[in-house]
$ cat run-v4.json   # JSON, C-alpha atoms
[["chain", "number", "residue", "atom", "x", "y", "z"],
["A", 1, "MET", "CA", 18.53, 34.22, -26.75],
["A", 2, "THR", "CA", 14.82, 34.28, -27.32],
["A", 3, "LYS", "CA", 12.64, 37.28, -26.56],
["A", 4, "LYS", "CA", 10.69, 35.27, -23.94],
["A", 5, "ILE", "CA", 13.86, 34.44, -21.96],
["A", 6, "THR", "CA", 15.03, 38.06, -22.05],
["A", 7, "THR", "CA", 11.64, 39.25, -20.79],
["A", 8, "PHE", "CA", 11.67, 36.61, -18.03],
["A", 9, "LEU", "CA", 15.13, 37.65, -16.80],
["A", 10, "VAL", "CA", 14.18, 41.32, -16.75],
["A", 11, "ALA", "CA", 11.07, 40.49, -14.76],
["A", 12, "LEU", "CA", 13.12, 38.31, -12.39],
["A", 13, "LEU", "CA", 15.59, 41.14, -11.75],
["A", 14, "ALA", "CA", 12.77, 43.62, -11.14],
["A", 15, "LEU", "CA", 11.06, 41.32, -8.67],
["A", 16, "ALA", "CA", 14.31, 40.74, -6.82],
["A", 17, "LEU", "CA", 14.96, 44.46, -6.43],
["A", 18, "ILE", "CA", 11.37, 45.11, -5.31],
["A", 19, "ALA", "CA", 11.62, 42.33, -2.74],
["A", 20, "ALA", "CA", 14.84, 43.82, -1.38],
["A", 21, "ALA", "CA", 13.37, 47.33, -1.17],
["A", 22, "CYS", "CA", 10.30, 46.05, 0.70],
["A", 23, "SER", "CA", 12.34, 44.48, 3.50],
["A", 24, "ASP", "CA", 11.29, 45.92, 6.90],
["A", 25, "ASP", "CA", 14.18, 44.43, 8.86],
["A", 26, "ASP", "CA", 16.34, 47.51, 9.60],
["A", 27, "ASP", "CA", 19.11, 45.47, 11.15],
["A", 28, "ASN", "CA", 19.73, 43.74, 7.83],
["A", 29, "ALA", "CA", 19.99, 46.80, 5.59],
["A", 30, "ASN", "CA", 23.53, 45.99, 4.42],
["A", 31, "GLU", "CA", 22.63, 42.38, 3.92],
["A", 32, "THR", "CA", 19.60, 43.39, 1.85],
["A", 33, "THR", "CA", 21.73, 45.59, -0.43],
["A", 34, "THR", "CA", 24.25, 42.82, -0.90],
["A", 35, "THR", "CA", 21.50, 40.35, -1.72],
["A", 36, "ALA", "CA", 19.96, 42.65, -4.33],
["A", 37, "ALA", "CA", 23.37, 43.21, -5.94],
["A", 38, "THR", "CA", 24.07, 39.50, -5.94],
["A", 39, "VAL", "CA", 20.73, 38.76, -7.60],
["A", 40, "ALA", "CA", 21.41, 41.43, -10.24],
["A", 41, "THR", "CA", 24.86, 39.99, -10.98],
["A", 42, "THR", "CA", 23.48, 36.46, -11.13],
["A", 43, "ALA", "CA", 20.65, 37.49, -13.45],
["A", 44, "ALA", "CA", 23.12, 39.26, -15.74],
["A", 45, "THR", "CA", 25.35, 36.18, -15.81],
["A", 46, "VAL", "CA", 22.41, 33.95, -16.68],
["A", 47, "ALA", "CA", 21.32, 36.40, -19.36],
["A", 48, "THR", "CA", 24.67, 36.04, -21.13],
["A", 49, "THR", "CA", 24.82, 32.25, -20.94],
["A", 50, "VAL", "CA", 21.30, 30.89, -21.41],
["A", 51, "GLN", "CA", 20.50, 30.36, -25.06],
["A", 52, "GLU", "CA", 17.46, 28.10, -25.36],
["A", 53, "PRO", "CA", 15.34, 26.00, -22.99],
["A", 54, "PRO", "CA", 16.75, 22.48, -22.52],
["A", 55, "PRO", "CA", 15.07, 19.75, -24.55],
["A", 56, "ALA", "CA", 12.29, 17.76, -22.86],
["A", 57, "PRO", "CA", 13.51, 14.49, -21.33],
["A", 58, "ALA", "CA", 12.99, 11.40, -23.41],
["A", 59, "SER", "CA", 9.94, 9.37, -22.46],
["A", 60, "THR", "CA", 10.53, 6.19, -20.50],
["A", 61, "THR", "CA", 8.84, 2.84, -20.88],
["A", 62, "SER", "CA", 5.80, 2.48, -18.66],
["A", 63, "ARG", "CA", 5.61, -0.38, -16.20],
["A", 64, "LEU", "CA", 2.62, -1.76, -18.09],
["A", 65, "ASP", "CA", 4.80, -2.09, -21.19],
["A", 66, "ALA", "CA", 7.65, -3.55, -19.12],
["A", 67, "VAL", "CA", 5.37, -6.17, -17.57],
["A", 68, "ARG", "CA", 4.03, -7.16, -20.97],
["A", 69, "GLU", "CA", 7.53, -7.44, -22.39],
["A", 70, "ARG", "CA", 8.62, -9.54, -19.39],
["A", 71, "GLY", "CA", 5.55, -11.74, -19.64],
["A", 72, "ARG", "CA", 4.82, -11.90, -15.93],
["A", 73, "VAL", "CA", 3.79, -9.72, -12.99],
["A", 74, "ILE", "CA", 6.15, -9.58, -10.01],
["A", 75, "CYS", "CA", 3.93, -9.37, -6.93],
["A", 76, "GLY", "CA", 5.28, -8.53, -3.47],
["A", 77, "VAL", "CA", 3.61, -10.75, -0.85],
["A", 78, "ARG", "CA", 4.10, -12.54, 2.43],
["A", 79, "ASP", "CA", 4.63, -16.27, 2.76],
["A", 80, "ALA", "CA", 3.33, -16.97, 6.26],
["A", 81, "LEU", "CA", 0.00, -15.27, 6.86],
["A", 82, "ALA", "CA", -2.71, -17.89, 6.94],
["A", 83, "GLY", "CA", -5.75, -16.99, 4.90],
["A", 84, "PHE", "CA", -3.90, -14.26, 3.01],
["A", 85, "ALA", "CA", -0.62, -15.70, 1.76],
["A", 86, "VAL", "CA", 0.99, -19.03, 2.58],
["A", 87, "ILE", "CA", 3.42, -21.29, 0.76],
["A", 88, "ASP", "CA", 3.29, -25.07, 0.95],
["A", 89, "ASP", "CA", 6.13, -27.59, 0.93],
["A", 90, "SER", "CA", 6.04, -27.68, -2.87],
["A", 91, "GLY", "CA", 6.50, -23.92, -3.15],
["A", 92, "ASN", "CA", 2.91, -23.21, -4.16],
["A", 93, "TYR", "CA", 1.32, -19.99, -2.88],
["A", 94, "SER", "CA", -2.32, -19.63, -1.87],
["A", 95, "GLY", "CA", -4.54, -17.14, -0.04],
["A", 96, "PHE", "CA", -6.67, -14.02, -0.41],
["A", 97, "ASP", "CA", -3.77, -11.71, -1.37],
["A", 98, "ILE", "CA", -2.30, -14.33, -3.69],
["A", 99, "GLU", "CA", -5.54, -14.52, -5.65],
["A", 100, "PHE", "CA", -5.47, -10.78, -6.27],
["A", 101, "CYS", "CA", -1.91, -11.07, -7.60],
["A", 102, "ARG", "CA", -3.32, -13.59, -10.07],
["A", 103, "VAL", "CA", -6.15, -11.19, -10.88],
["A", 104, "VAL", "CA", -3.63, -8.55, -11.96],
["A", 105, "ALA", "CA", -1.82, -11.07, -14.15],
["A", 106, "ALA", "CA", -5.11, -12.14, -15.72],
["A", 107, "GLY", "CA", -6.13, -8.55, -16.36],
["A", 108, "VAL", "CA", -2.84, -7.33, -17.78],
["A", 109, "LEU", "CA", -1.50, -10.48, -19.47],
["A", 110, "GLY", "CA", -4.60, -12.61, -19.92],
["A", 111, "ASP", "CA", -2.99, -15.40, -17.88],
["A", 112, "SER", "CA", -3.59, -15.74, -14.15],
["A", 113, "SER", "CA", -0.55, -18.00, -13.80],
["A", 114, "ALA", "CA", 1.84, -15.41, -15.28],
["A", 115, "VAL", "CA", 2.88, -14.09, -11.88],
["A", 116, "GLU", "CA", 6.04, -14.32, -9.79],
["A", 117, "PHE", "CA", 5.53, -14.10, -6.04],
["A", 118, "ARG", "CA", 8.26, -12.35, -4.10],
["A", 119, "SER", "CA", 8.06, -12.66, -0.32],
["A", 120, "LEU", "CA", 9.00, -9.42, 1.45],
["A", 121, "ALA", "CA", 9.78, -8.68, 5.07],
["A", 122, "THR", "CA", 7.75, -5.87, 6.60],
["A", 123, "ALA", "CA", 10.75, -3.51, 6.72],
["A", 124, "ASP", "CA", 11.57, -4.14, 3.05],
["A", 125, "ARG", "CA", 8.18, -3.85, 1.36],
["A", 126, "PHE", "CA", 8.20, -0.15, 0.44],
["A", 127, "THR", "CA", 11.87, -0.20, -0.52],
["A", 128, "ALA", "CA", 11.13, -3.05, -2.94],
["A", 129, "LEU", "CA", 8.23, -1.09, -4.39],
["A", 130, "GLN", "CA", 10.18, 2.16, -4.79],
["A", 131, "SER", "CA", 13.18, 0.43, -6.37],
["A", 132, "GLY", "CA", 11.06, -1.41, -8.91],
["A", 133, "GLU", "CA", 11.93, -4.84, -7.51],
["A", 134, "VAL", "CA", 8.20, -5.60, -7.53],
["A", 135, "ASP", "CA", 5.47, -4.31, -9.83],
["A", 136, "VAL", "CA", 2.75, -4.32, -7.20],
["A", 137, "LEU", "CA", 2.55, -4.87, -3.46],
["A", 138, "ILE", "CA", -0.38, -7.02, -2.28],
["A", 139, "ARG", "CA", 0.68, -7.81, 1.23],
["A", 140, "ASN", "CA", -1.79, -6.83, 3.99],
["A", 141, "THR", "CA", -0.44, -3.27, 3.96],
["A", 142, "THR", "CA", -2.63, -0.64, 5.60],
["A", 143, "TRP", "CA", -3.41, 2.51, 3.63],
["A", 144, "THR", "CA", -2.40, 5.49, 5.79],
["A", 145, "ALA", "CA", -1.87, 9.18, 5.10],
["A", 146, "THR", "CA", 1.79, 8.97, 6.15],
["A", 147, "ARG", "CA", 2.52, 6.09, 3.80],
["A", 148, "ASP", "CA", 0.64, 7.81, 1.00],
["A", 149, "GLY", "CA", 2.74, 10.92, 1.52],
["A", 150, "GLN", "CA", 6.18, 9.59, 2.45],
["A", 151, "GLU", "CA", 6.68, 6.16, 0.90],
["A", 152, "GLY", "CA", 6.29, 6.99, -2.79],
["A", 153, "ALA", "CA", 3.31, 4.65, -2.75],
["A", 154, "ASN", "CA", 0.00, 4.81, -4.59],
["A", 155, "PHE", "CA", -2.71, 2.89, -2.71],
["A", 156, "LEU", "CA", -5.49, 1.54, -4.89],
["A", 157, "PHE", "CA", -8.89, -0.14, -4.45],
["A", 158, "THR", "CA", -9.47, -1.47, -0.92],
["A", 159, "THR", "CA", -10.12, -5.22, -0.99],
["A", 160, "LEU", "CA", -10.65, -5.68, 2.74],
["A", 161, "TYR", "CA", -11.37, -3.50, 5.76],
["A", 162, "ASP", "CA", -9.68, -5.07, 8.75],
["A", 163, "GLY", "CA", -9.19, -3.75, 12.27],
["A", 164, "GLN", "CA", -6.68, -4.23, 15.07],
["A", 165, "GLY", "CA", -7.65, -6.50, 17.93],
["A", 166, "PHE", "CA", -6.15, -8.47, 20.80],
["A", 167, "LEU", "CA", -5.89, -12.20, 21.43],
["A", 168, "VAL", "CA", -5.44, -13.77, 24.88],
["A", 169, "PRO", "CA", -5.55, -17.30, 26.29],
["A", 170, "ALA", "CA", -9.18, -18.07, 27.16],
["A", 171, "ASN", "CA", -8.20, -19.23, 30.66],
["A", 172, "SER", "CA", -6.42, -15.92, 31.42],
["A", 173, "GLY", "CA", -9.64, -14.25, 32.53],
["A", 174, "ILE", "CA", -8.78, -11.19, 30.42],
["A", 175, "ARG", "CA", -11.89, -9.89, 28.68],
["A", 176, "SER", "CA", -11.23, -6.18, 28.04],
["A", 177, "LEU", "CA", -8.38, -3.84, 27.14],
["A", 178, "GLU", "CA", -8.31, -2.52, 30.71],
["A", 179, "ASP", "CA", -7.61, -6.07, 31.90],
["A", 180, "LEU", "CA", -4.31, -5.87, 29.99],
["A", 181, "ASP", "CA", -2.92, -3.19, 32.34],
["A", 182, "GLY", "CA", 0.69, -4.17, 33.11],
["A", 183, "ALA", "CA", 0.75, -6.94, 30.48],
["A", 184, "THR", "CA", 3.48, -7.76, 27.99],
["A", 185, "ILE", "CA", 2.02, -7.63, 24.48],
["A", 186, "CYS", "CA", 3.51, -9.23, 21.36],
["A", 187, "VAL", "CA", 3.44, -6.87, 18.36],
["A", 188, "ALA", "CA", 5.06, -6.64, 14.93],
["A", 189, "GLN", "CA", 7.82, -4.04, 14.82],
["A", 190, "GLY", "CA", 7.69, -1.03, 12.50],
["A", 191, "THR", "CA", 4.00, -1.42, 11.66],
["A", 192, "THR", "CA", 0.83, 0.59, 12.09],
["A", 193, "THR", "CA", -0.08, -2.12, 14.61],
["A", 194, "GLU", "CA", 2.76, -1.02, 16.89],
["A", 195, "LYS", "CA", 1.76, 2.66, 16.60],
["A", 196, "ASN", "CA", -1.93, 1.95, 17.18],
["A", 197, "LEU", "CA", -1.10, -0.06, 20.29],
["A", 198, "SER", "CA", 0.95, 2.76, 21.82],
["A", 199, "THR", "CA", -1.64, 5.42, 20.97],
["A", 200, "ALA", "CA", -4.70, 3.50, 22.16],
["A", 201, "PHE", "CA", -3.16, 2.41, 25.46],
["A", 202, "ARG", "CA", -1.69, 5.84, 26.17],
["A", 203, "ASP", "CA", -5.09, 7.46, 25.60],
["A", 204, "ARG", "CA", -6.71, 4.97, 27.98],
["A", 205, "GLY", "CA", -3.99, 5.21, 30.60],
["A", 206, "ILE", "CA", -3.19, 1.49, 30.29],
["A", 207, "ASN", "CA", 0.39, 0.49, 31.13],
["A", 208, "PHE", "CA", 1.99, -2.26, 29.05],
["A", 209, "THR", "CA", 5.32, -3.60, 27.86],
["A", 210, "PRO", "CA", 5.68, -4.16, 24.10],
["A", 211, "SER", "CA", 7.57, -7.21, 22.90],
["A", 212, "LEU", "CA", 8.64, -6.44, 19.32],
["A", 213, "PHE", "CA", 9.16, -8.95, 16.52],
["A", 214, "ALA", "CA", 10.38, -8.56, 12.95],
["A", 215, "ASP", "CA", 8.09, -11.27, 11.60],
["A", 216, "ASN", "CA", 4.80, -12.92, 12.44],
["A", 217, "THR", "CA", 6.21, -16.43, 12.79],
["A", 218, "ALA", "CA", 8.53, -15.48, 15.65],
["A", 219, "LEU", "CA", 5.79, -13.38, 17.23],
["A", 220, "GLN", "CA", 3.25, -16.20, 17.28],
["A", 221, "SER", "CA", 5.82, -18.67, 18.56],
["A", 222, "SER", "CA", 6.68, -16.39, 21.48],
["A", 223, "TYR", "CA", 3.01, -15.85, 22.28],
["A", 224, "ALA", "CA", 2.36, -19.60, 22.22],
["A", 225, "SER", "CA", 5.24, -20.17, 24.64],
["A", 226, "GLY", "CA", 3.75, -17.69, 27.12],
["A", 227, "GLN", "CA", 6.29, -14.88, 26.73],
["A", 228, "CYS", "CA", 3.43, -12.43, 26.13],
["A", 229, "GLN", "CA", 0.04, -12.19, 27.82],
["A", 230, "SER", "CA", -1.53, -10.94, 24.59],
["A", 231, "PHE", "CA", -0.93, -10.88, 20.86],
["A", 232, "THR", "CA", -2.16, -7.85, 18.90],
["A", 233, "GLY", "CA", -2.68, -7.65, 15.15],
["A", 234, "ASP", "CA", -5.34, -7.49, 12.46],
["A", 235, "ALA", "CA", -8.52, -9.18, 13.63],
["A", 236, "SER", "CA", -8.41, -11.52, 10.62],
["A", 237, "THR", "CA", -4.92, -12.66, 11.65],
["A", 238, "LEU", "CA", -6.05, -13.28, 15.22],
["A", 239, "ALA", "CA", -9.08, -15.26, 14.09],
["A", 240, "THR", "CA", -6.93, -17.38, 11.79],
["A", 241, "TYR", "CA", -4.40, -18.04, 14.56],
["A", 242, "LYS", "CA", -7.20, -18.99, 16.98],
["A", 243, "PHE", "CA", -8.71, -21.40, 14.46],
["A", 244, "THR", "CA", -5.48, -23.13, 13.43],
["A", 245, "SER", "CA", -4.10, -23.29, 16.98],
["A", 246, "GLU", "CA", -7.23, -24.84, 18.45],
["A", 247, "ARG", "CA", -7.59, -27.18, 15.47],
["A", 248, "ASP", "CA", -4.09, -28.47, 16.07],
["A", 249, "GLY", "CA", -4.76, -29.15, 19.75],
["A", 250, "GLY", "CA", -3.57, -25.89, 21.26],
["A", 251, "PRO", "CA", -5.27, -24.15, 24.20],
["A", 252, "GLU", "CA", -8.50, -22.24, 23.65],
["A", 253, "GLN", "CA", -8.04, -18.60, 22.69],
["A", 254, "PHE", "CA", -10.21, -15.52, 23.22],
["A", 255, "VAL", "CA", -10.41, -12.48, 20.93],
["A", 256, "ILE", "CA", -11.20, -9.33, 22.95],
["A", 257, "PRO", "CA", -14.29, -7.77, 21.29],
["A", 258, "GLU", "CA", -12.93, -4.22, 21.11],
["A", 259, "VAL", "CA", -11.25, -3.19, 17.84],
["A", 260, "ILE", "CA", -8.98, -0.13, 18.06],
["A", 261, "SER", "CA", -8.48, 0.77, 14.40],
["A", 262, "LYS", "CA", -9.77, 0.59, 10.85],
["A", 263, "GLU", "CA", -7.29, -0.99, 8.45],
["A", 264, "PRO", "CA", -8.06, -0.58, 4.72],
["A", 265, "LEU", "CA", -6.02, -3.17, 2.85],
["A", 266, "GLY", "CA", -5.42, -3.49, -0.88],
["A", 267, "PRO", "CA", -2.87, -3.34, -3.70],
["A", 268, "VAL", "CA", -0.15, -0.69, -3.78],
["A", 269, "VAL", "CA", 1.96, 0.51, -6.72],
["A", 270, "ALA", "CA", 4.74, 3.07, -6.94],
["A", 271, "ASP", "CA", 3.84, 6.72, -7.46],
["A", 272, "GLY", "CA", 4.27, 8.32, -10.85],
["A", 273, "ASP", "CA", 2.85, 5.79, -13.34],
["A", 274, "THR", "CA", -0.83, 6.46, -13.94],
["A", 275, "GLU", "CA", -1.15, 3.91, -16.74],
["A", 276, "TRP", "CA", 0.08, 1.05, -14.57],
["A", 277, "ALA", "CA", -2.00, 2.18, -11.58],
["A", 278, "GLN", "CA", -5.13, 2.22, -13.73],
["A", 279, "ALA", "CA", -4.44, -1.24, -15.13],
["A", 280, "VAL", "CA", -3.99, -2.72, -11.65],
["A", 281, "ASN", "CA", -6.92, -0.81, -10.16],
["A", 282, "TRP", "CA", -9.43, -1.81, -12.83],
["A", 283, "SER", "CA", -8.26, -5.42, -12.81],
["A", 284, "ILE", "CA", -8.99, -5.55, -9.08],
["A", 285, "MET", "CA", -12.31, -3.68, -9.36],
["A", 286, "ALA", "CA", -13.41, -6.01, -12.16],
["A", 287, "THR", "CA", -13.67, -8.85, -9.63],
["A", 288, "VAL", "CA", -16.22, -6.86, -7.61],
["A", 289, "GLN", "CA", -18.15, -5.88, -10.73],
["A", 290, "ALA", "CA", -18.19, -9.48, -11.96],
["A", 291, "TRP", "CA", -19.66, -10.58, -8.63],
["A", 292, "GLU", "CA", -22.37, -7.93, -8.93],
["A", 293, "PHE", "CA", -23.16, -9.17, -12.45],
["A", 294, "GLY", "CA", -23.33, -12.77, -11.22],
["A", 295, "LEU", "CA", -20.33, -13.74, -13.35],
["A", 296, "ASP", "CA", -17.59, -16.16, -12.33],
["A", 297, "SER", "CA", -15.20, -18.60, -13.97],
["A", 298, "SER", "CA", -18.02, -21.10, -14.59],
["A", 299, "ASN", "CA", -20.15, -18.82, -16.76],
["A", 300, "ILE", "CA", -18.22, -15.75, -17.89],
["A", 301, "GLN", "CA", -17.19, -17.36, -21.18],
["A", 302, "ASN", "CA", -20.72, -18.46, -22.01],
["A", 303, "TYR", "CA", -22.79, -15.33, -21.45],
["A", 304, "THR", "CA", -25.53, -15.10, -24.10],
["A", 305, "GLY", "CA", -27.71, -12.33, -22.65],
["A", 306, "ASP", "CA", -28.29, -8.83, -23.99],
["A", 307, "ASP", "CA", -27.40, -6.69, -20.95],
["A", 308, "SER", "CA", -25.38, -3.84, -22.46],
["A", 309, "ASN", "CA", -23.39, -3.30, -19.25],
["A", 310, "ILE", "CA", -22.32, -6.94, -19.17],
["A", 311, "LEU", "CA", -21.50, -6.91, -22.89],
["A", 312, "ASN", "CA", -19.30, -3.86, -22.33],
["A", 313, "PHE", "CA", -17.71, -5.53, -19.32],
["A", 314, "LEU", "CA", -16.85, -8.52, -21.50],
["A", 315, "GLY", "CA", -15.32, -6.25, -24.14],
["A", 316, "GLN", "CA", -17.93, -7.02, -26.77],
["A", 317, "ASP", "CA", -19.52, -4.70, -29.35],
["A", 318, "ASN", "CA", -16.10, -3.01, -29.80],
["A", 319, "PHE", "CA", -16.17, -1.51, -26.30],
["A", 320, "ASN", "CA", -12.65, -0.40, -25.35],
["A", 321, "PRO", "CA", -12.05, 2.15, -22.55],
["A", 322, "GLN", "CA", -8.34, 2.41, -23.50],
["A", 323, "LEU", "CA", -7.08, 1.05, -20.17],
["A", 324, "GLY", "CA", -4.76, -1.50, -21.72],
["A", 325, "LEU", "CA", -6.97, -4.38, -20.55],
["A", 326, "SER", "CA", -8.78, -6.86, -22.75]]
$ encode --input "run-v4.json" --output "structure tokens"
Amino acid sequence: MTKKITTFLVALLALALIAAACSDDDDNANETTTTAATVATTAATVATTVQEPPPAPASTTSRLDAVRERGRVICGVRDALAGFAVIDDSGNYSGFDIEFCRVVAAGVLGDSSAVEFRSLATADRFTALQSGEVDVLIRNTTWTATRDGQEGANFLFTTLYDGQGFLVPANSGIRSLEDLDGATICVAQGTTTEKNLSTAFRDRGINFTPSLFADNTALQSSYASGQCQSFTGDASTLATYKFTSERDGGPEQFVIPEVISKEPLGPVVADGDTEWAQAVNWSIMATVQAWEFGLDSSNIQNYTGDDSNILNFLGQDNFNPQLGLS
């Protein structure tokens, strides 16, 4: 046994006895004595059995290394959110979120096509992230304190600030939240949208009946058939639905002007892997920096200027911040 361990155990025993002596609960005097004796016995037992500290656990492969070895990024997305992520009849994905999945692949692997899209139901998205089924979640997922603290999730750079709104048929005459008193409202189940709806209407004293749906397709279909007087969701989703519905000959829609929340959206990775989080974060932020520099796919390969910041950004003059990105 090392001298340090012996000293630690002696100190532990002393602290235990002091703690027992300082107890001011008279009714538990016997219990206190027993506890002190038990601690002393336990400490003595440990002292006779502990020899050396256990070896440090072997290091594990980082996700960045795993992605490089695999040769593709697995990106958790949706497949039916117009403007953000949709899949056509040929199985091709497109949309705002999809492009950022490709950004990560370009940053980490140097190939924007080296990405596998995995469509996830709302209820399954954090489970897939925690289990390692996906490398990154880019799926209109709102950054909240609860998710940050309870879902083992690390939220990164915000790519879009959305907000929750309400859509109604234009001919309904509904023009404010108060006009929805007594209405049935279509809402996605198990989302911040559902919680925001309950909180905002409770605070305003507005009565309503929620109609819950596991996915957006069923929700929008029910709203279109008149089962709900209103459809609540991110304002971008409502605007997209209004546009596509009216374009395809559907009735005119009205988006109530009031927005009841702020929804920061962006990529999410699992907690505990700083190297991978940095690689994803800086890949995403590089798109914003490129825009500020006036760089895009048409000119980034042909820059001939002498701006040191741009030269560093392009990885020239031996600049390497050690982020694992070219």
$ atom_distance --input "run-v4.json" --atom1 "atom CA of A:Trp282" --atom2 "atom CA of A:Tyr93"
23.3 Å
$ closest_residue --input "run-v4.json" --among "A:Gly107, A:Gly266, A:Gly249, A:Gly173" --to "A:Gln229" --atoms "only C-alpha atoms"
A:Gly173
$ residues_around --input "run-v4.json" --residues "stretch 118-123 of chain A" --least-positions-apart "3" --cutoff "8 Å" --atoms "all atoms listed in the file" --output "short mmCIF file (atom, residue, chain, number, x, y, z; two decimals) with C-alpha atoms, in the coordinates of the input"
data_model
loop_
_atom_site.label_atom_id
_atom_site.label_comp_id
_atom_site.auth_asym_id
_atom_site.auth_seq_id
_atom_site.Cartn_x
_atom_site.Cartn_y
_atom_site.Cartn_z
CA ILE A 74 6.15 -9.58 -10.01
CA CYS A 75 3.93 -9.37 -6.93
CA GLY A 76 5.28 -8.53 -3.47
CA VAL A 77 3.61 -10.75 -0.85
CA ARG A 78 4.10 -12.54 2.43
CA ASP A 79 4.63 -16.27 2.76
CA PHE A 126 8.20 -0.15 0.44
CA VAL A 134 8.20 -5.60 -7.53
CA GLY A 190 7.69 -1.03 12.50
CA THR A 191 4.00 -1.42 11.66
CA ALA A 214 10.38 -8.56 12.95
CA ASP A 215 8.09 -11.27 11.60
#
$ residues_around --input "run-v4.json" --residues "A:Gln227" --least-positions-apart "6" --cutoff "12 Å" --atoms "all atoms listed in the file" --output "PDB file with C-alpha atoms, in the frame of the given file"
ATOM      1  CA  VAL A 168      -5.440 -13.770  24.880  1.00  0.00           C
ATOM      2  CA  ALA A 183       0.750  -6.940  30.480  1.00  0.00           C
ATOM      3  CA  THR A 184       3.480  -7.760  27.990  1.00  0.00           C
ATOM      4  CA  ILE A 185       2.020  -7.630  24.480  1.00  0.00           C
ATOM      5  CA  CYS A 186       3.510  -9.230  21.360  1.00  0.00           C
ATOM      6  CA  VAL A 187       3.440  -6.870  18.360  1.00  0.00           C
ATOM      7  CA  THR A 209       5.320  -3.600  27.860  1.00  0.00           C
ATOM      8  CA  PRO A 210       5.680  -4.160  24.100  1.00  0.00           C
ATOM      9  CA  SER A 211       7.570  -7.210  22.900  1.00  0.00           C
ATOM     10  CA  LEU A 212       8.640  -6.440  19.320  1.00  0.00           C
ATOM     11  CA  ALA A 218       8.530 -15.480  15.650  1.00  0.00           C
ATOM     12  CA  LEU A 219       5.790 -13.380  17.230  1.00  0.00           C
ATOM     13  CA  GLN A 220       3.250 -16.200  17.280  1.00  0.00           C
ATOM     14  CA  SER A 221       5.820 -18.670  18.560  1.00  0.00           C
TER      15      SER A 221
END
$ closest_residue --input "run-v4.json" --among "A:Ala239, A:Leu180, A:Leu325, A:Val103" --to "A:Ala82" --atoms "only C-alpha atoms"
A:Ala239
$ decode --input "run-v4.json" --residues "stretch 125-135 of chain A" --atoms "N, CA, C and O atoms" --output "CSV table (one decimal), in the first residue's frame"
chain,number,residue,atom,x,y,z
A,125,ARG,N,-35.2,10.7,-32.1
A,125,ARG,CA,-34.0,11.5,-32.5
A,125,ARG,C,-32.9,11.5,-31.5
A,125,ARG,O,-31.7,11.3,-31.8
A,126,PHE,N,-33.3,11.7,-30.2
A,126,PHE,CA,-32.2,11.8,-29.2
A,126,PHE,C,-31.7,10.4,-28.8
A,126,PHE,O,-30.5,10.2,-28.5
A,127,THR,N,-32.6,9.4,-28.9
A,127,THR,CA,-32.1,8.0,-28.7
A,127,THR,C,-31.1,7.6,-29.7
A,127,THR,O,-30.1,7.0,-29.4
A,128,ALA,N,-31.3,8.0,-31.0
A,128,ALA,CA,-30.4,7.6,-32.1
A,128,ALA,C,-29.1,8.4,-31.9
A,128,ALA,O,-28.0,7.8,-32.2
A,129,LEU,N,-29.1,9.6,-31.3
A,129,LEU,CA,-27.9,10.3,-31.1
A,129,LEU,C,-27.1,9.7,-30.0
A,129,LEU,O,-25.9,9.5,-30.1
A,130,GLN,N,-27.8,9.4,-28.9
A,130,GLN,CA,-27.1,8.9,-27.7
A,130,GLN,C,-26.5,7.5,-27.9
A,130,GLN,O,-25.4,7.1,-27.4
A,131,SER,N,-27.2,6.7,-28.8
A,131,SER,CA,-26.7,5.3,-29.0
A,131,SER,C,-25.6,5.3,-30.1
A,131,SER,O,-25.0,4.2,-30.2
A,132,GLY,N,-25.4,6.4,-30.7
A,132,GLY,CA,-24.3,6.4,-31.8
A,132,GLY,C,-24.9,5.9,-33.1
A,132,GLY,O,-24.1,5.8,-34.1
A,133,GLU,N,-26.2,5.8,-33.3
A,133,GLU,CA,-26.7,5.4,-34.6
A,133,GLU,C,-26.5,6.5,-35.6
A,133,GLU,O,-26.3,6.2,-36.8
A,134,VAL,N,-26.4,7.7,-35.2
A,134,VAL,CA,-26.1,8.9,-36.1
A,134,VAL,C,-24.9,9.6,-35.5
A,134,VAL,O,-24.7,9.6,-34.3
A,135,ASP,N,-24.2,10.3,-36.4
A,135,ASP,CA,-23.0,11.1,-35.9
A,135,ASP,C,-23.4,12.4,-35.5
A,135,ASP,O,-22.8,13.0,-34.6
